[in-house]
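**Student:** Provided below: start_36.cif, containing mmCIF, C-alpha atoms.
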data_protein
#
loop_
_atom_site.label_atom_id
_atom_site.label_comp_id
_atom_site.auth_asym_id
_atom_site.auth_seq_id
_atom_site.Cartn_x
_atom_site.Cartn_y
_atom_site.Cartn_z
CA MET A 1 92.35 -160.27 84.74
CA TYR A 2 93.26 -163.90 84.11
CA GLN A 3 89.59 -164.80 83.70
CA ARG A 4 89.23 -162.24 80.92
CA ILE A 5 92.36 -163.53 79.13
CA ARG A 6 91.17 -167.12 79.47
CA ARG A 7 87.69 -166.22 78.22
CA GLY A 8 89.24 -164.43 75.23
CA MET A 9 91.35 -167.48 74.39
CA VAL A 10 88.30 -169.77 74.57
CA VAL A 11 86.28 -167.47 72.31
CA SER A 12 89.22 -167.28 69.88
CA ALA A 13 89.52 -171.07 69.83
CA TRP A 14 85.81 -171.42 69.02
CA ILE A 15 86.08 -168.89 66.22
CA VAL A 16 89.08 -170.71 64.71
CA ALA A 17 87.23 -174.04 64.98
CA ALA A 18 84.16 -172.58 63.27
CA VAL A 19 86.26 -171.16 60.43
CA LEU A 20 88.01 -174.53 59.94
CA VAL A 21 84.70 -176.38 59.86
CA PHE A 22 83.30 -173.94 57.34
CA THR A 23 86.36 -173.93 55.04
CA VAL A 24 87.32 -177.61 55.24
CA LEU A 25 84.33 -179.76 56.11
CA VAL A 26 81.51 -177.94 54.35
CA PRO A 27 83.06 -178.22 50.84
CA ARG A 28 83.83 -181.92 51.41
CA ILE A 29 80.30 -182.62 52.57
CA ARG A 30 78.91 -180.67 49.63
CA ASN A 31 81.07 -182.71 47.23
CA GLY A 32 79.53 -185.86 48.66
CA VAL A 33 75.93 -184.86 48.03
CA VAL A 34 75.81 -183.06 44.66
CA GLY A 35 75.99 -186.28 42.60
CA ALA A 36 77.90 -187.10 39.44
CA ALA A 37 76.20 -184.41 37.34
CA GLY A 38 76.80 -181.68 39.94
CA ILE A 39 79.78 -179.36 39.98
CA HIS A 40 82.29 -180.32 42.68
CA ASP A 41 84.77 -178.08 44.47
CA ALA A 42 88.11 -179.12 42.94
CA ALA A 43 90.09 -177.82 45.92
CA ALA A 44 88.15 -180.10 48.28
CA LEU A 45 88.45 -183.27 46.20
CA PRO A 46 90.67 -185.97 47.70
CA ASP A 47 93.73 -187.34 45.90
CA HIS A 48 92.22 -190.85 45.99
CA ILE A 49 88.60 -191.98 45.68
CA GLY A 50 86.89 -195.36 45.84
CA ILE A 51 84.51 -196.15 43.00
CA CYS A 52 83.05 -199.58 42.19
CA GLY A 53 85.23 -201.28 44.79
CA ARG A 54 88.45 -199.98 43.21
CA GLY A 55 90.90 -197.20 44.06
CA TRP A 56 91.37 -194.21 41.72
CA SER A 57 94.08 -191.52 41.87
CA LYS A 58 93.61 -187.89 40.84
CA ASP A 59 95.75 -186.47 38.04
CA ARG A 60 98.84 -185.05 39.77
CA LEU A 61 98.99 -182.12 37.35
CA ASP A 62 95.45 -181.13 38.36
CA ARG A 63 94.49 -180.55 34.71
CA ARG A 64 90.92 -179.52 33.98
CA LEU A 65 89.77 -180.96 30.69
CA SER A 66 86.78 -179.97 28.60
CA LEU A 67 84.31 -182.56 27.36
CA ALA A 68 85.56 -182.06 23.77
CA ALA A 69 89.19 -182.54 24.87
CA ILE A 70 88.31 -185.77 26.67
CA GLN A 71 86.37 -187.10 23.68
CA THR A 72 89.24 -186.22 21.33
CA ARG A 73 91.92 -187.72 23.58
CA ASP A 74 90.07 -190.88 24.64
CA GLY A 75 87.82 -191.43 21.63
CA VAL A 76 84.84 -192.29 23.87
CA GLU A 77 82.32 -190.58 26.09
CA PRO A 78 83.82 -190.03 29.55
CA VAL A 79 82.48 -191.82 32.60
CA VAL A 80 81.58 -189.06 35.05
CA VAL A 81 81.41 -190.28 38.65
CA ASP A 82 80.29 -189.02 42.02
CA PRO A 83 83.32 -188.87 44.37
CA GLY A 84 81.09 -189.17 47.44
CA LEU A 85 81.62 -191.83 50.08
CA PHE A 86 78.56 -193.94 49.22
CA ALA A 87 78.30 -193.12 45.52
CA PRO A 88 76.70 -195.67 43.20
CA CYS A 89 78.82 -197.56 40.70
CA PRO A 90 78.08 -196.27 37.18
CA VAL A 91 78.27 -198.46 34.10
CA GLY A 92 81.71 -198.49 32.49
CA PRO A 93 84.54 -198.29 35.06
CA CYS A 94 86.57 -201.33 35.99
CA THR A 95 85.11 -202.95 39.10
CA ALA A 96 86.39 -205.27 41.81
CA VAL A 97 84.74 -208.18 39.94
CA ALA A 98 86.66 -209.49 36.94
CA HIS A 99 84.85 -209.36 33.57
CA ASP A 100 85.88 -210.22 30.04
CA ASP A 101 84.37 -206.99 28.77
CA PRO A 102 86.53 -203.88 28.36
CA CYS A 103 86.26 -201.27 31.08
CA HIS A 104 87.29 -197.66 31.61
CA THR A 105 90.54 -197.16 33.51
CA VAL A 106 89.99 -193.40 33.78
CA VAL A 107 86.94 -191.75 35.32
CA TYR A 108 86.12 -188.05 35.59
CA VAL A 109 84.69 -185.74 38.24
CA ARG A 110 82.91 -182.60 37.06
CA VAL A 111 84.49 -179.46 38.56
CA GLY A 112 83.10 -176.74 36.28
CA GLU A 113 80.48 -176.01 33.65
CA ASP A 114 82.74 -177.70 31.06
CA ALA A 115 85.66 -178.83 33.21
CA TYR A 116 86.53 -182.31 34.44
CA LEU A 117 89.34 -183.77 36.56
CA ASP A 118 90.49 -187.27 35.73
CA TYR A 119 91.13 -190.10 38.17
CA ALA A 120 93.14 -193.10 36.97
CA LEU A 121 92.66 -196.66 38.16
CA GLN A 122 95.22 -197.80 40.72
CA GLY A 123 96.72 -201.18 39.99
CA GLY A 124 95.29 -202.29 36.69
CA PRO A 125 92.19 -203.77 35.10
#
Could you quickly redo this structure as structure tokens?

**Tutor:**
Amino acid sequence: MYQRIRRGMVVSAWIVAAVLVFTVLVPRIRNGVVGAAGIHDAAALPDHIGICGRGWSKDRLDRRLSLAAIQTRDGVEPVVVDPGLFAPCPVGPCTAVAHDDPCHTVVYVRVGEDAYLDYALQGGP
């Protein structure tokens, strides 16, 4: 009797672990490999990302902006980045190396066909 209960608990634990891996880890791994042009799962994006040696914080209001809205608001083409762990540093964002040239203090991650989430530079240029 106790063996059957114990076996049932072990099977239940494995099922719960598999569901957690599928719902938590798989979207995060997918976000890390689709690249800057790919569509990322907004629910799996972290609140902070590291791009170009700098820290960036996600918009707390979780607003999804269209490309036209970004261009109207910022007056420039947005810098779309890959939020993956080993993503390359695109041209435009502020980096860890000081330059005299202007740099973008907001970068965007694509989360839909025409939807982007913004990440703001932590600290300052």

**Student:** Enter the distance from CA of Leu45 (chain A) to CA of Phe86 (chain A), in Å, rounded to one decimal.

**Tutor:**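 Straight-line distance from CA of Leu45 (chain A) to CA of Phe86 (chain A) works out to 14.9 Å.
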
**Student:** One decimal, in Å: what's the spacing between CA of Gly53 (chain A) and CA of Glu77 (chain A)?

**Tutor:**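 Taking CA of Gly53 (chain A) as the start and CA of Glu77 (chain A) as the end point, the length is 21.7 Å.
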
**Student:** When distances are computed from all atoms listed in the file, which of A:Gly75, A:Gly84, A:Gly35, A:Pro102 shows the smallest separation from His48 (chain A)?

**Tutor:**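 Among A:Gly75, A:Gly84, A:Gly35, A:Pro102, it is A:Gly84 that comes nearest to His48 (chain A).
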
**Student:** How many Å separate CA of Leu67 (chain A) from CA of Asp101 (chain A)?

**Tutor:**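 So the answer is 24.5 Å.
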
**Student:** Can you pull out the residues contacting Ala98 (chain A)? Cut-off 12 Å, using all atoms listed in the file, and skip same-chain residues under 2 positions away; I want them as number ranges by chain.

**Tutor:** A: 52-54, 93-96, 100-103, 124-125

**Student:** Quick one: which residues end up in the PyMOL selection byres ((chain A and resi 66) around 7) for this structure, as a ChimeraX atom specification?

**Tutor:** /A:64-65,67-70,114-116

**Student:** Convert the current residue selection to file output with C-alpha atoms, as a PDB file, in the coordinates of the input.

**Tutor:**
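Ended up saving to part17.pdb:
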ATOM      1  CA  ARG A  64      90.920-179.520  33.980  1.00  0.00           C
ATOM      2  CA  LEU A  65      89.770-180.960  30.690  1.00  0.00           C
ATOM      3  CA  LEU A  67      84.310-182.560  27.360  1.00  0.00           C
ATOM      4  CA  ALA A  68      85.560-182.060  23.770  1.00  0.00           C
ATOM      5  CA  ALA A  69      89.190-182.540  24.870  1.00  0.00           C
ATOM      6  CA  ILE A  70      88.310-185.770  26.670  1.00  0.00           C
ATOM      7  CA  ASP A 114      82.740-177.700  31.060  1.00  0.00           C
ATOM      8  CA  ALA A 115      85.660-178.830  33.210  1.00  0.00           C
ATOM      9  CA  TYR A 116      86.530-182.310  34.440  1.00  0.00           C
TER      10      TYR A 116
END

**Student:** Measuring atom to atom with all atoms listed in the file, identify which of A:Ser12, A:Thr105, A:Ser57, A:Gln122 is nearest to Pro78 (chain A).

**Tutor:**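 Nearest candidate to Pro78 (chain A) out of A:Ser12, A:Thr105, A:Ser57, A:Gln122: A:Thr105.
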
**Student:** To test your reading of the syntax: which residues would the PyMOL selection byres ((chain A and resi 108) around 7) return for the file shown? Reply as a PyMOL selection string.

**Tutor:** chain A and resi 78-81+106-107+109-110+116-119

**Student:** Could you tell me which of A:Leu85, A:Ala37, A:Val91, A:Ile5 comes closest to Gly50 (chain A) if we count all atoms listed in the file?

**Tutor:**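 The shortest atom-to-atom distance to Gly50 (chain A) comes from A:Leu85.
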